[in-house]
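Colleague: There's a structure below that I have some questions on.
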Amino acid sequence: MAGRLDGKVALVTGGARGIGGATAVRMAADGAKVVIADLLEAEASETLARIQQDGGEAIFVKTDVTSEDACHALGQEAVERFGRLDVLVTSAGILHGAYQSIEELALETFERVQDINVRGTFLAVKHAVPHIKKAGGGVVLCISSGAGVRGGSSSIAYGTSKAGVHGFVMCVEQALARDNIRTHAICPGSVDTVLKRENVAEGAQKAGRDPQQALAGAQLVDPAGIAGVLAFLASEEGSYVRGTIFTR
């Protein structure tokens, strides 16, 4: 429903492309002013242009979510530009170390995935929450995964990190609710993103199968569908929903 996020300001980490990019576009279409936070400048510019062409309002802030200073500055920038902050979506994430055994997986790879996926989520929430509290409450939506929550993953590092994001949300949900902030862990299925397509192709190559055939049969879903769920949860219509959300 167009306009259901009118008057809201939404901050999306990893908002340049994939689920984050689709969410930035959808929330802007629903009336929110959007802050896109990412390191991918070219992709962010394309998403920003799409929002603006459709009559939406958004800005891009180049942000490394592993940096506490950067996350603090990001929250400040959102409020300085738009006057408030109501919604945070933490979509920044990577998948490295796929199809490697525990013996093969390098510590540096494991730590890098935790650094972006878990630390990045923590820092984004930490520095957004004070602004959301000042706005009188809002919504925090953290992208987790079925990996590490309902089952395993092609990457030990990735599955572990997404379990960490899910656990983090479970730890802060009740505390933030006291300040009128709803918090959800969102666990998407197989979504048509660069990250997932690369993962499917890599798995096919390692198994000696054709990557294009594997992608054709992977039944990946449109990120816009996930964005629709996130926009609903960010709205008043989603205010009766609680807990972890699993999607296609």
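Chain labels run A, B, ... following the order of the structure tokens; each chain numbers its residues from 1, and ligands are numbered from 1 in the order shown.
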Need to verify the contact set: His131 of chain A, 9 Å, only C-alpha atoms, exclusion of same-chain residues closer than 3 positions in sequence. Can you return it as a ChimeraX atom specification?
Modeller: /A:75-76,79,84-86,127-128,134-137
Colleague: May I have the residues within 12 Å of Glu198 of chain A as a PyMOL selection string, using only C-alpha atoms and disregarding those fewer than 2 positions away in the same chain?
Modeller: chain A and resi 94-96+98+154+191-196+200-205+211-212+214-215+218
Colleague: Give the answer as one residue: which of A:Val149, A:Leu105, A:Ala92, A:Ala207 has the shortest atom-to-atom distance to Ile19 of chain A, using only C-alpha atoms?
Modeller: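 Answer, going by the shortest atom-to-atom distance: A:Ala92.
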Colleague: Would you mind listing what lies within 12 Å of Asp38 of chain A as a VMD selection string, with only C-alpha atoms counted and same-chain residues fewer than 4 positions away left out?
Modeller: chain A and resid 11 to 18 20 to 21 24 42 to 45 47 to 48 59 to 66 70 to 71 74 90 to 93 116 120 124
Colleague: I'd like the interatomic distance between atom CA of Gln219 of chain A and atom CA of Val89 of chain A, to a tenth of an Å.
Modeller: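 Answer for the atom CA of Gln219 of chain A to atom CA of Val89 of chain A separation: 25.1 Å.
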Colleague: Set out as CSV a contact list for segment 92-142 of chain A and segment 166-173 of chain A with a cut-off of 10 Å, giving each residue of segment 92-142 of chain A that qualifies its closest atom pair and distance in Å to one decimal, counting only C-alpha atoms, ordered by chain and rising residue number.
Modeller:
```
residue,atom,partner,partner_atom,distance
A:Val118,CA,A:Phe168,CA,8.4
A:Thr121,CA,A:Phe168,CA,8.8
A:Phe122,CA,A:Phe168,CA,7.8
A:Val125,CA,A:Val172,CA,9.9
A:Val140,CA,A:Val169,CA,9.2
A:Leu141,CA,A:Val169,CA,9.0
A:Cys142,CA,A:Val169,CA,7.4
```
Colleague: Could you please write out, as a PyMOL selection string, every residue of segment 126-226 of chain A that DSSP assigns to alpha helix (DSSP H)?
Modeller: chain A and resi 126-134+156-177+194-206+211-216+223-226
Colleague: Pick the closest to Glu57 of chain A from A:Lys126, A:Ala157, A:Gly208, A:Arg26: which is it, counting only C-alpha atoms?
Modeller: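 Residue with the minimum atom-to-atom distance to Glu57 of chain A: A:Arg26.
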Colleague: Output as a PyMOL selection string all residues of segment 1-225 of chain A that backbone DSSP marks as strand (DSSP E).
Modeller: chain A and resi 9-13+33-38+57-62+87-90+138-143+181-187
Colleague: Would you export the selected residues with C-alpha atoms as a JSON list (two decimals), in the first residue's frame, please?
Modeller:
```
[["chain", "number", "residue", "atom", "x", "y", "z"],
["A", 9, "VAL", "CA", 12.89, 7.65, 7.85],
["A", 10, "ALA", "CA", 14.49, 4.28, 7.08],
["A", 11, "LEU", "CA", 18.18, 3.40, 7.20],
["A", 12, "VAL", "CA", 19.27, 0.34, 5.21],
["A", 13, "THR", "CA", 22.77, -1.08, 5.58],
["A", 33, "LYS", "CA", 12.84, 8.80, 3.25],
["A", 34, "VAL", "CA", 15.69, 6.35, 2.88],
["A", 35, "VAL", "CA", 19.35, 6.35, 3.85],
["A", 36, "ILE", "CA", 21.37, 3.82, 1.85],
["A", 37, "ALA", "CA", 24.53, 2.70, 3.66],
["A", 38, "ASP", "CA", 27.07, 0.61, 1.78],
["A", 57, "GLU", "CA", 13.69, 10.68, -1.53],
["A", 58, "ALA", "CA", 16.95, 9.03, -0.52],
["A", 59, "ILE", "CA", 20.63, 9.64, 0.15],
["A", 60, "PHE", "CA", 23.71, 7.46, 0.04],
["A", 61, "VAL", "CA", 26.26, 7.38, 2.86],
["A", 62, "LYS", "CA", 29.37, 5.34, 2.17],
["A", 87, "VAL", "CA", 13.39, 2.14, 10.85],
["A", 88, "LEU", "CA", 16.68, 0.26, 10.61],
["A", 89, "VAL", "CA", 17.29, -2.64, 8.24],
["A", 90, "THR", "CA", 20.64, -4.42, 8.65],
["A", 138, "GLY", "CA", 10.23, 2.29, 15.61],
["A", 139, "VAL", "CA", 11.33, -0.95, 14.02],
["A", 140, "VAL", "CA", 14.65, -2.80, 13.72],
["A", 141, "LEU", "CA", 14.84, -5.52, 11.06],
["A", 142, "CYS", "CA", 17.99, -7.68, 11.03],
["A", 143, "ILE", "CA", 18.62, -9.98, 8.08],
["A", 181, "ILE", "CA", 10.99, -0.58, 19.30],
["A", 182, "ARG", "CA", 9.91, -3.77, 17.54],
["A", 183, "THR", "CA", 12.80, -6.01, 16.55],
["A", 184, "HIS", "CA", 12.68, -8.92, 14.13],
["A", 185, "ALA", "CA", 15.17, -11.39, 12.72],
["A", 186, "ILE", "CA", 14.30, -12.03, 9.08],
["A", 187, "CYS", "CA", 15.35, -15.39, 7.65]]
```
Colleague: Which is closest to Val129 of chain A among A:Asp222, A:Asp179, A:Glu236, A:Asp30, if we use only C-alpha atoms?
Modeller: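 The closest residue to Val129 of chain A is A:Asp179.
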Colleague: To one decimal place in Å, what is the distance between atom CA of Arg150 of chain A and atom CA of Ile245 of chain A?
Modeller: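 Atom CA of Arg150 of chain A sits 12.0 Å away from atom CA of Ile245 of chain A.
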Colleague: When you draw a straight line from atom CA of Lys8 of chain A to atom CA of Gly31 of chain A, how long is it in Å?
Modeller: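 Computing the Euclidean distance for atom CA of Lys8 of chain A and atom CA of Gly31 of chain A yields 7.4 Å.
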Colleague: Under the rule that only C-alpha atoms are counted, which of A:Val25, A:Ser67, A:Arg197, A:Leu5 is the nearest residue to Arg50 of chain A?
Modeller: A:Val25
